[in-house]
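Enquirer: Take this structure first; my questions come after.
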Amino acid sequence: MKNISSNRDQRGGSLFMSVFLVIFVFSVLQCTALHRIDSTEAKADTSRYYAPIHYHGSYHITQDSARILSKKYIRPSTQFGISDVLQNAYFLTPLSLGGLSFNNSISIYGSSRQDIALRYNTRSFQNIQFGGVNLSQFPLETAENIEVLTGTQAIVLGDNSSGLLINIQEAIHNTSTPFTRLRYAQSSYNFVASEGEFSQNIAKNWNIDAGFRRHVGEGRFANSWIDMWNVYGHLRWTLPRSQWTLSHIFTNYGSGLNGGLSDTTATFSDPINAKIRYADMFGRTFSHDITLSFSQHNSDTTLIQTGSLYFTYGIWNIEKSIELNPSLLDTNRVSSSISRKTGAIYMVQKNLTHSLSVKIGGEAEAQIIDATPYNEAFNESNVALFSLLNFLFSHDITLQPGARLRLYNNKLYTNVGFKAEFILQPFLFGLDASLSSRTPTLTEGLNNRSEQHFLGIAYLKWKNRYHSLHLEIFSRSVSELIIQEPVLRGGTIVGVLSQNNGNRAVLGFSVNGQYSIIENGQLQASIQLQDSKTNSTNDQRLPFLQGMFGGEYTRVFGRSTVKGGLSFRFFSSNYGEIFIPQMQGTITHQHKEDNLIFDGGQAYVGAQLGNAFVQFSMHNLLNAVYWTTSIYPELDRHLRISVNWAFLD
């Protein structure tokens with residue numbers, strides 16, 4: 001009976017995939033027809049250059065307050081990876097594994113790693129094998145913008161995204177002469193990063209962009225090395241009212257998986273004598289991600305169509321001693337899994353009236369994943385339909401309801417949300433409430449039920465020319481919580497066992513403010529309180545108190561800019577959660593630091609000289625011992641240097 005159900009589900013997935021392919025082909029024909037119409041308007045049009053479409057690869061939600069990070073913010077810094085950029089741009093809880101370019105993540109509104117979703121040109125990069133995504137694997141240098149969506153927008157436009165939905169919009173270059181950008185960066189423990197990018201218009205309305213990224217380092221503790229590189233490129237074709245791009249991203253990501261420090265370690269500040277959990281375990285991931293994206297609009301841009309076809313081929317390998325295998329019958333040192341994913345997404349945004357617009361769309365995926373000692377095989381489809389409405393109720397009130405319907409693993413899931421903003425100058429009040437499902441990962445076991453997340457956010461914003469204030473209160477409630485317990489053999493964790501075993505409630509409050517004390521100089525302070533309970537008991541997996549205080553001074557001289565800053569961040573005591581690298585899950589931790597810990601302070605100075613950026617930053621100035629994920633101590637005092645130079649930008 002199970003096989004019959006599985007075959008029926010596969011046929012249903014194939015049917016949905018066929019429907020979306022038909023829609024996509026129809027849009028191609030429509031785009032071609034539009035080009036023919038425009039080309040007959042005037043003979044001169046056949047030789048005209050067209051500017052690239054600015055919303056290509058974007059969710060194009062111009063009517064809301066979605067946060068955007070542009071490449072102008074990303075490239076001048078000494079940050080490495082998406083998680084670094086986000087925790088420096090916003091007041092988020094870092095979930096670091098104690099090294100640069102590791103599988104570092106973030107927590108927002110009490111979320112976990114599995115609640116973060118990543119997309120590129122709106123196509124999914126979700127990892128259903130482990131949940132969430134390794135943010136360090138994606139080459140951030142390919143980004144024109146990073147769209148950071150939360151609440152209703154996140155759960156309607158993405159799957160398993162009750163924490164964050166991050167969409168990377170591909171880089172946009174439009175130069176008739178060769179554009180070249182180079183970056184070199186280095187830090188402690190022989191960490192070196194290099195990046196290069198080349199772009200040029202190779203013909204009328206045709207552009208090619210290609211680049212590479214390389215990160216390598218030894219790490220602070222034993223078996224904490226990193227060895228990663230990416231090669232990427234895309235070809236763009238721009239028409240009068242439409243645009244096409246074909247992109248390919250190759251990833252080779254390897255790292256030592258030491259599992260952090262053992263509880264028997266006497267000191268967390270001595271990397272030589274520290275005892276790590278896994279001295280003989282490392283992993284490597286290879287992936288090819290191919291994406292064909294298109295965008296099209298009518299003459300007055302009241303109707304916008306976007307979409308992508310994509311294919312991913314990935315290999316995940318983990319090598320370890322035989323004693324660390326989950327089963328005693330398994331005598332292989334290497335566990336390997338191949339995954340193949342084909343998908344399509346199509347969206348339409350229509351301005352129905354001056355005050356009413358709607359975004360509707362659908363996506364479908366078919367995915368095959370091999371079985372490993374940590375997960376069963378997977379051969380299923382994932383189909384979703386979604387709609388997001390934007391209604392300007394009055395000059396001061398905006399309403400945004402939305403819903404997402406998802407068919408996955410032969411089960412139907414519904415996400416709904418509602419966002420409202422009210423402007424009473426000089427204040428902006430907002431309310432966002434969403435109800436969503438987080439489906440279990442393969443390592444958690446598809447036999448588990450999905451988690452049900454309710455997230456409520458209320459906020460107040462005030463800003464004038466020199467000052468700003470942002471108050472926020474949130475509440476997250478999780479039912480059918482999937483709790484992971486360690487599988488032990490002789491005191492060593494060889495895996496985790498997951499089951500629906502309770503509920504979780506997180507309540508938080510935050511204040512963020514900026515104050516300009518002098519011209520070109522400002523102070524910034526943030527504080528957050530959050531209380532987390534699992535099965536009605538304080539779990540203290542996140543710091544109850546977090547704070548940040550800092551300042552920055554900037555001077556502009558023509559096309560050149562010089563800036564410098566200093567900041568301190570502190571955390572209250574917390575249990576945290578232990579990260580299990582072979583299954584990329586977390587288990588509860590029973591060790592607690594009783595003292596207030598802080599990051600030792602960070603100071604930086606940087607300059608922009610034309611198209612060249614240079615920045616020096618000193619981290620952990622006071623050489624503090626701290627961590628943001630249990631038993632993964634952060635780096636001690638270290639210097640980071642970054643030089644980024646663009647030619648003919």
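Every chain in the structure tokens has a letter given in the order shown (A, B, ...), and although residue numbers restart at 1 in each chain, ligands are simply numbered from 1 in the order shown.
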For Ser58 in chain A, find every residue with an atom within 7 Å (counting only C-alpha atoms), except residues of its own chain fewer than 4 positions away, and show them as a list in words.
Expert: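 With the cut-off at 7 Å, the set is Asn121, Thr122 and Gln169 of chain A.
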Enquirer: How close does range 55-149 of chain A get to range 442-447 of chain A? List, as a tab-separated table, each residue of range 55-149 of chain A within 7 Å, its nearest atom pair and the distance in Å to one decimal, counting only C-alpha atoms.
Expert:
residue	atom	partner	partner_atom	distance
A:Ile128	CA	A:Leu442	CA	6.4
A:Gln129	CA	A:Leu442	CA	4.7
A:Phe130	CA	A:Thr443	CA	5.8
Enquirer: Go ahead and dump the residues you just picked, N, CA, C and O atoms, as a short mmCIF file (atom, residue, chain, number, x, y, z; two decimals), in the first residue's frame.
Expert:
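Final file, selection17.cif:
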data_model
loop_
_atom_site.label_atom_id
_atom_site.label_comp_id
_atom_site.auth_asym_id
_atom_site.auth_seq_id
_atom_site.Cartn_x
_atom_site.Cartn_y
_atom_site.Cartn_z
N ILE A 128 16.90 19.98 2.58
CA ILE A 128 15.92 19.18 3.31
C ILE A 128 16.57 17.98 4.00
O ILE A 128 15.93 17.32 4.83
N GLN A 129 17.84 17.71 3.69
CA GLN A 129 18.52 16.60 4.34
C GLN A 129 18.80 16.92 5.80
O GLN A 129 18.57 16.11 6.70
N PHE A 130 19.29 18.15 6.07
CA PHE A 130 19.63 18.56 7.43
C PHE A 130 18.76 19.70 7.94
O PHE A 130 18.72 19.95 9.14
#
Enquirer: Restricting the calculation to only C-alpha atoms: of A:Ile587, A:Val156, A:Leu140, A:Ile338, which residue gets closest to Lys419 in chain A?
Expert: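 Looking only at the distances to Lys419 in chain A, the closest residue turns out to be A:Val156.
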Enquirer: Which polymer residues have any atom within 10 Å of an atom of Leu488 in chain A, counting only C-alpha atoms, with same-chain residues fewer than 5 positions away left out, as a PyMOL selection string?
Expert: chain A and resi 324+326+493-496
Enquirer: Which residues, written as a PDB file with N, CA and C atoms, in the first residue's frame, have at least one atom at most 9 Å from Ser247 in chain A, with only C-alpha atoms counted and residues fewer than 2 positions away on the same chain left out?
Expert:
ATOM      1  N   TYR A 232      31.786  30.866 -10.224  1.00  0.00           N
ATOM      2  CA  TYR A 232      30.429  31.212 -10.653  1.00  0.00           C
ATOM      3  C   TYR A 232      30.470  32.069 -11.909  1.00  0.00           C
ATOM      4  N   GLY A 233      29.343  32.126 -12.591  1.00  0.00           N
ATOM      5  CA  GLY A 233      29.229  32.961 -13.772  1.00  0.00           C
ATOM      6  C   GLY A 233      27.789  33.015 -14.243  1.00  0.00           C
ATOM      7  N   HIS A 234      27.439  34.121 -14.904  1.00  0.00           N
ATOM      8  CA  HIS A 234      26.114  34.166 -15.513  1.00  0.00           C
ATOM      9  C   HIS A 234      26.145  35.006 -16.785  1.00  0.00           C
ATOM     10  N   LEU A 235      25.250  34.640 -17.686  1.00  0.00           N
ATOM     11  CA  LEU A 235      25.102  35.305 -18.975  1.00  0.00           C
ATOM     12  C   LEU A 235      23.746  36.005 -18.987  1.00  0.00           C
ATOM     13  N   ARG A 236      23.738  37.307 -19.295  1.00  0.00           N
ATOM     14  CA  ARG A 236      22.498  38.083 -19.256  1.00  0.00           C
ATOM     15  C   ARG A 236      22.138  38.604 -20.640  1.00  0.00           C
ATOM     16  N   THR A 245      18.646  35.502 -17.718  1.00  0.00           N
ATOM     17  CA  THR A 245      20.011  35.190 -17.269  1.00  0.00           C
ATOM     18  C   THR A 245      20.143  33.690 -17.060  1.00  0.00           C
ATOM     19  N   ILE A 249      26.698  28.154 -10.409  1.00  0.00           N
ATOM     20  CA  ILE A 249      27.539  28.314  -9.222  1.00  0.00           C
ATOM     21  C   ILE A 249      28.063  26.939  -8.829  1.00  0.00           C
ATOM     22  N   ASP A 289      24.897  24.368  -9.112  1.00  0.00           N
ATOM     23  CA  ASP A 289      23.581  25.005  -9.087  1.00  0.00           C
ATOM     24  C   ASP A 289      23.413  25.821 -10.363  1.00  0.00           C
ATOM     25  N   ILE A 290      22.485  25.392 -11.205  1.00  0.00           N
ATOM     26  CA  ILE A 290      22.233  26.031 -12.496  1.00  0.00           C
ATOM     27  C   ILE A 290      20.844  26.672 -12.452  1.00  0.00           C
ATOM     28  N   THR A 291      20.770  27.939 -12.865  1.00  0.00           N
ATOM     29  CA  THR A 291      19.516  28.684 -12.770  1.00  0.00           C
ATOM     30  C   THR A 291      19.279  29.484 -14.049  1.00  0.00           C
ATOM     31  N   LEU A 292      18.095  29.336 -14.623  1.00  0.00           N
ATOM     32  CA  LEU A 292      17.651  30.153 -15.747  1.00  0.00           C
ATOM     33  C   LEU A 292      16.529  31.051 -15.241  1.00  0.00           C
ATOM     34  N   SER A 293      16.764  32.371 -15.206  1.00  0.00           N
ATOM     35  CA  SER A 293      15.804  33.322 -14.646  1.00  0.00           C
ATOM     36  C   SER A 293      15.315  34.283 -15.719  1.00  0.00           C
TER      37      SER A 293
END
Enquirer: Skip range 470-473 of chain A itself and residues of its chain fewer than 2 positions away, then list as a list in words all residues within 6 Å of it, counting only C-alpha atoms.
Expert: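 Non-adjacent residues within range: Ile457, Ala458, Tyr459, Leu460, Lys461, Gly508, Phe509, Ser510, Val511 and Asn512 of chain A.
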Enquirer: Can you tell me, as a compact mmCIF listing (two decimals) with all heavy atoms, in the first residue's frame, what residues are no more than 12 Å from Asn174 in chain A when counting only C-alpha atoms, ignoring any on the same chain fewer than 3 positions away?
Expert:
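This went into out.txt:
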# COMPACT_ATOMS: atom_id res chain seq x y z
N TYR A 49 20.62 50.11 -27.03
CA TYR A 49 21.05 49.46 -25.80
C TYR A 49 19.96 49.62 -24.75
O TYR A 49 19.38 50.70 -24.60
CB TYR A 49 22.34 50.08 -25.28
CG TYR A 49 23.57 49.70 -26.08
CD1 TYR A 49 24.05 50.52 -27.08
CD2 TYR A 49 24.25 48.52 -25.80
CE1 TYR A 49 25.18 50.18 -27.82
CE2 TYR A 49 25.39 48.17 -26.52
CZ TYR A 49 25.84 49.01 -27.53
OH TYR A 49 26.95 48.66 -28.25
N TYR A 50 19.69 48.56 -24.00
CA TYR A 50 18.68 48.61 -22.96
C TYR A 50 19.33 48.44 -21.60
O TYR A 50 20.20 47.58 -21.42
CB TYR A 50 17.63 47.52 -23.18
CG TYR A 50 16.93 47.63 -24.51
CD1 TYR A 50 17.24 46.76 -25.56
CD2 TYR A 50 15.97 48.61 -24.73
CE1 TYR A 50 16.61 46.86 -26.78
CE2 TYR A 50 15.33 48.73 -25.95
CZ TYR A 50 15.65 47.85 -26.97
OH TYR A 50 15.03 47.97 -28.19
N ALA A 51 18.90 49.26 -20.67
CA ALA A 51 19.45 49.17 -19.31
C ALA A 51 18.94 47.89 -18.64
O ALA A 51 17.80 47.48 -18.84
CB ALA A 51 19.02 50.39 -18.50
N PRO A 52 19.79 47.23 -17.84
CA PRO A 52 19.34 46.02 -17.13
C PRO A 52 18.14 46.32 -16.23
O PRO A 52 18.00 47.42 -15.70
CB PRO A 52 20.57 45.63 -16.30
CG PRO A 52 21.72 46.28 -16.98
CD PRO A 52 21.20 47.54 -17.58
N ILE A 53 17.30 45.35 -16.07
CA ILE A 53 16.10 45.50 -15.23
C ILE A 53 16.50 45.39 -13.76
O ILE A 53 17.07 44.38 -13.34
CB ILE A 53 15.06 44.43 -15.60
CG1 ILE A 53 14.59 44.66 -17.05
CG2 ILE A 53 13.88 44.45 -14.65
CD1 ILE A 53 13.62 43.61 -17.54
N HIS A 54 16.16 46.40 -12.99
CA HIS A 54 16.67 46.49 -11.62
C HIS A 54 16.03 45.46 -10.70
O HIS A 54 16.62 45.07 -9.69
CB HIS A 54 16.43 47.89 -11.06
CG HIS A 54 14.97 48.20 -10.85
ND1 HIS A 54 14.33 47.93 -9.66
CD2 HIS A 54 14.04 48.74 -11.67
CE1 HIS A 54 13.06 48.30 -9.76
NE2 HIS A 54 12.86 48.80 -10.97
N ALA A 171 24.22 39.87 -9.16
CA ALA A 171 24.92 41.12 -9.45
C ALA A 171 24.53 41.67 -10.81
O ALA A 171 24.30 40.91 -11.76
CB ALA A 171 26.43 40.90 -9.39
N THR A 177 33.36 48.40 -21.33
CA THR A 177 34.77 48.05 -21.13
C THR A 177 34.86 47.00 -20.03
O THR A 177 33.96 46.86 -19.20
CB THR A 177 35.56 49.30 -20.70
OG1 THR A 177 34.93 49.90 -19.57
CG2 THR A 177 35.61 50.31 -21.84
N PRO A 178 35.94 46.23 -19.99
CA PRO A 178 36.05 45.16 -18.99
C PRO A 178 36.03 45.70 -17.57
O PRO A 178 36.79 46.61 -17.22
CB PRO A 178 37.39 44.51 -19.32
CG PRO A 178 37.68 44.87 -20.73
CD PRO A 178 37.08 46.23 -20.93
N PHE A 179 35.14 45.16 -16.75
CA PHE A 179 35.09 45.48 -15.33
C PHE A 179 35.77 44.36 -14.56
O PHE A 179 35.48 43.17 -14.78
CB PHE A 179 33.64 45.63 -14.86
CG PHE A 179 33.47 45.52 -13.37
CD1 PHE A 179 33.78 46.59 -12.54
CD2 PHE A 179 33.02 44.34 -12.79
CE1 PHE A 179 33.63 46.48 -11.16
CE2 PHE A 179 32.87 44.22 -11.42
CZ PHE A 179 33.18 45.30 -10.61
N PHE A 198 34.94 39.33 -12.98
CA PHE A 198 35.10 39.97 -14.28
C PHE A 198 33.74 40.09 -14.93
O PHE A 198 32.94 39.15 -14.90
CB PHE A 198 36.03 39.16 -15.18
CG PHE A 198 36.07 39.64 -16.61
CD1 PHE A 198 36.90 40.68 -16.98
CD2 PHE A 198 35.25 39.06 -17.58
CE1 PHE A 198 36.93 41.13 -18.29
CE2 PHE A 198 35.27 39.50 -18.89
CZ PHE A 198 36.12 40.55 -19.25
N SER A 199 33.48 41.26 -15.56
CA SER A 199 32.21 41.44 -16.25
C SER A 199 32.41 42.38 -17.43
O SER A 199 33.22 43.32 -17.37
CB SER A 199 31.15 42.02 -15.30
OG SER A 199 29.93 42.20 -15.97
N GLN A 200 31.67 42.13 -18.50
CA GLN A 200 31.73 42.99 -19.69
C GLN A 200 30.52 42.72 -20.58
O GLN A 200 30.02 41.60 -20.65
CB GLN A 200 33.01 42.76 -20.49
CG GLN A 200 33.18 43.73 -21.66
CD GLN A 200 34.46 43.50 -22.43
OE1 GLN A 200 35.20 42.57 -22.15
NE2 GLN A 200 34.73 44.35 -23.41
N ASN A 201 30.04 43.77 -21.22
CA ASN A 201 29.03 43.61 -22.26
C ASN A 201 29.73 43.05 -23.50
O ASN A 201 30.58 43.72 -24.09
CB ASN A 201 28.37 44.94 -22.58
CG ASN A 201 27.54 45.47 -21.42
OD1 ASN A 201 27.30 44.76 -20.45
ND2 ASN A 201 27.12 46.71 -21.51
N ILE A 202 29.37 41.84 -23.90
CA ILE A 202 30.07 41.19 -25.00
C ILE A 202 29.39 41.46 -26.34
O ILE A 202 29.96 41.18 -27.39
CB ILE A 202 30.15 39.67 -24.76
CG1 ILE A 202 28.76 39.08 -24.55
CG2 ILE A 202 31.04 39.38 -23.56
CD1 ILE A 202 28.75 37.58 -24.40
N ALA A 203 28.18 41.99 -26.30
CA ALA A 203 27.44 42.38 -27.51
C ALA A 203 26.31 43.29 -27.06
O ALA A 203 26.13 43.51 -25.86
CB ALA A 203 26.91 41.15 -28.24
N LYS A 204 25.58 43.84 -28.02
CA LYS A 204 24.46 44.70 -27.66
C LYS A 204 23.48 43.93 -26.77
O LYS A 204 22.95 42.90 -27.16
CB LYS A 204 23.74 45.20 -28.91
CG LYS A 204 24.50 46.27 -29.68
CD LYS A 204 23.67 46.78 -30.84
CE LYS A 204 24.40 47.91 -31.57
NZ LYS A 204 25.61 47.42 -32.25
N ASN A 205 23.31 44.45 -25.53
CA ASN A 205 22.34 43.90 -24.57
C ASN A 205 22.71 42.51 -24.05
O ASN A 205 21.88 41.82 -23.48
CB ASN A 205 20.94 43.87 -25.18
CG ASN A 205 20.50 45.23 -25.67
OD1 ASN A 205 20.58 46.22 -24.94
ND2 ASN A 205 20.05 45.30 -26.93
N TRP A 206 23.97 42.13 -24.26
CA TRP A 206 24.47 40.87 -23.72
C TRP A 206 25.62 41.17 -22.75
O TRP A 206 26.51 41.95 -23.06
CB TRP A 206 24.97 39.94 -24.82
CG TRP A 206 23.88 39.34 -25.65
CD1 TRP A 206 23.27 39.90 -26.73
CD2 TRP A 206 23.30 38.05 -25.48
NE1 TRP A 206 22.32 39.05 -27.25
CE2 TRP A 206 22.32 37.90 -26.51
CE3 TRP A 206 23.48 37.00 -24.58
CZ2 TRP A 206 21.55 36.75 -26.63
CZ3 TRP A 206 22.71 35.86 -24.72
CH2 TRP A 206 21.76 35.74 -25.73
N ASN A 207 25.57 40.54 -21.58
CA ASN A 207 26.61 40.75 -20.58
C ASN A 207 27.02 39.41 -19.99
O ASN A 207 26.19 38.52 -19.79
CB ASN A 207 26.10 41.68 -19.46
CG ASN A 207 27.12 41.85 -18.34
OD1 ASN A 207 27.14 41.08 -17.38
ND2 ASN A 207 27.96 42.87 -18.47
N ILE A 208 28.31 39.29 -19.72
CA ILE A 208 28.82 38.09 -19.06
C ILE A 208 29.49 38.51 -17.76
O ILE A 208 30.18 39.54 -17.69
CB ILE A 208 29.80 37.31 -19.96
CG1 ILE A 208 30.17 35.98 -19.31
CG2 ILE A 208 31.04 38.14 -20.28
CD1 ILE A 208 30.96 35.05 -20.22
N ASP A 209 29.27 37.73 -16.71
CA ASP A 209 29.86 38.01 -15.40
C ASP A 209 30.38 36.69 -14.84
O ASP A 209 29.66 35.68 -14.85
CB ASP A 209 28.81 38.62 -14.46
CG ASP A 209 29.38 38.95 -13.10
OD1 ASP A 209 30.02 40.00 -12.98
OD2 ASP A 209 29.18 38.16 -12.15
N LEU A 235 25.25 34.64 -17.69
CA LEU A 235 25.10 35.31 -18.98
C LEU A 235 23.75 36.00 -18.99
O LEU A 235 22.72 35.38 -18.71
CB LEU A 235 25.18 34.28 -20.10
CG LEU A 235 24.99 34.80 -21.54
CD1 LEU A 235 26.16 35.71 -21.93
CD2 LEU A 235 24.88 33.62 -22.51
N ARG A 236 23.74 37.31 -19.29
CA ARG A 236 22.50 38.08 -19.26
C ARG A 236 22.14 38.60 -20.64
O ARG A 236 23.01 39.08 -21.38
CB ARG A 236 22.66 39.27 -18.29
CG ARG A 236 21.37 40.07 -18.11
CD ARG A 236 21.58 41.27 -17.21
NE ARG A 236 22.34 42.33 -17.88
CZ ARG A 236 23.40 42.93 -17.37
NH1 ARG A 236 23.87 42.57 -16.19
NH2 ARG A 236 24.02 43.89 -18.03
N TRP A 237 20.86 38.53 -20.97
CA TRP A 237 20.32 39.05 -22.22
C TRP A 237 19.16 39.98 -21.88
O TRP A 237 18.17 39.56 -21.28
CB TRP A 237 19.85 37.91 -23.12
CG TRP A 237 19.29 38.35 -24.46
CD1 TRP A 237 19.70 39.41 -25.20
CD2 TRP A 237 18.24 37.72 -25.19
NE1 TRP A 237 18.97 39.50 -26.37
CE2 TRP A 237 18.07 38.47 -26.39
CE3 TRP A 237 17.44 36.61 -24.96
CZ2 TRP A 237 17.11 38.13 -27.35
CZ3 TRP A 237 16.49 36.27 -25.92
CH2 TRP A 237 16.33 37.02 -27.11
N THR A 238 19.27 41.25 -22.27
CA THR A 238 18.27 42.26 -21.94
C THR A 238 17.50 42.67 -23.19
O THR A 238 18.11 43.04 -24.20
CB THR A 238 18.92 43.50 -21.30
OG1 THR A 238 19.67 43.09 -20.15
CG2 THR A 238 17.86 44.50 -20.86
N LEU A 648 37.21 50.16 -13.41
CA LEU A 648 36.22 50.54 -14.41
C LEU A 648 34.81 50.18 -13.94
O LEU A 648 34.00 49.64 -14.68
CB LEU A 648 36.51 49.87 -15.76
CG LEU A 648 37.87 50.20 -16.39
CD1 LEU A 648 38.05 49.41 -17.67
CD2 LEU A 648 38.01 51.69 -16.65
N ASP A 649 34.52 50.49 -12.66
CA ASP A 649 33.21 50.19 -12.09
C ASP A 649 32.20 51.21 -12.62
O ASP A 649 32.35 52.39 -12.36
CB ASP A 649 33.28 50.25 -10.56
CG ASP A 649 32.01 49.73 -9.92
OD1 ASP A 649 31.10 49.31 -10.66
OD2 ASP A 649 31.93 49.74 -8.68
Enquirer: Excluding range 345-347 of chain A and residues on its chain fewer than 2 positions from it, collect all residues at most 6 Å away from it, counting only C-alpha atoms, and give them as a PyMOL selection string.
Expert: chain A and resi 305-308+360-363
Enquirer: Looking only at the backbone, which of the residues in range 91-290 of chain A does DSSP tag as strand (DSSP E), as a ChimeraX atom specification?
Expert: /A:93-95,105-107,116-120,123-124,143-149,164-170,179-187,191-203,206-217,226-238,242-256,281-290
Enquirer: Quick one: of A:Leu92, A:Met583, A:Asn448, A:Pro76, who's nearest to Ala612 in chain A, counting only C-alpha atoms?
Expert: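 Closest to Ala612 in chain A, using only C-alpha atoms: A:Pro76.
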Enquirer: What separation in Å, quoted to one decimal, exists between CA of Pro426 in chain A and CA of Leu523 in chain A?
Expert: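 Going from CA of Pro426 in chain A over to CA of Leu523 in chain A, I get 20.9 Å.
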Enquirer: Between CA of Ala89 in chain A and CA of Gly211 in chain A, measure the distance and give it in Å to one decimal.
Expert: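 A separation of 25.0 Å between them.
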Enquirer: Which residue, A:Met618, A:Leu97, A:Ile146, A:Ala185, has the smallest gap to Ser255 in chain A when you use only C-alpha atoms?
Expert: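 Of the candidates, the smallest distance to Ser255 in chain A is held by A:Leu97.
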Enquirer: Check the smallest atom-to-atom distance from each of A:Gly219, A:Gly456, A:Pro139, A:Gly565 to Glu195 in chain A using only C-alpha atoms, then report the winner.
Expert: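 Ranking A:Gly219, A:Gly456, A:Pro139, A:Gly565 by distance to Glu195 in chain A, first place goes to A:Pro139.
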Enquirer: Provide the CA of Ile597 in chain A to CA of Pro543 in chain A distance in Å, to one decimal place.
Expert: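 Computing the Euclidean distance for CA of Ile597 in chain A and CA of Pro543 in chain A yields 10.2 Å.
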Enquirer: I need the residue nearest Leu481 in chain A from this list: A:Asn103, A:Ser112, A:Gln425, A:Asn620. Use only C-alpha atoms for the distance.
Expert: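 Closest to Leu481 in chain A, using only C-alpha atoms: A:Ser112.
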Enquirer: Out of A:Gln602, A:Ser567, A:Ser242, A:Ser105, which residue has the shortest atom-to-atom distance to Asp84 in chain A when counting only C-alpha atoms?
Expert: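 Result for the nearest residue to Asp84 in chain A: A:Ser105.
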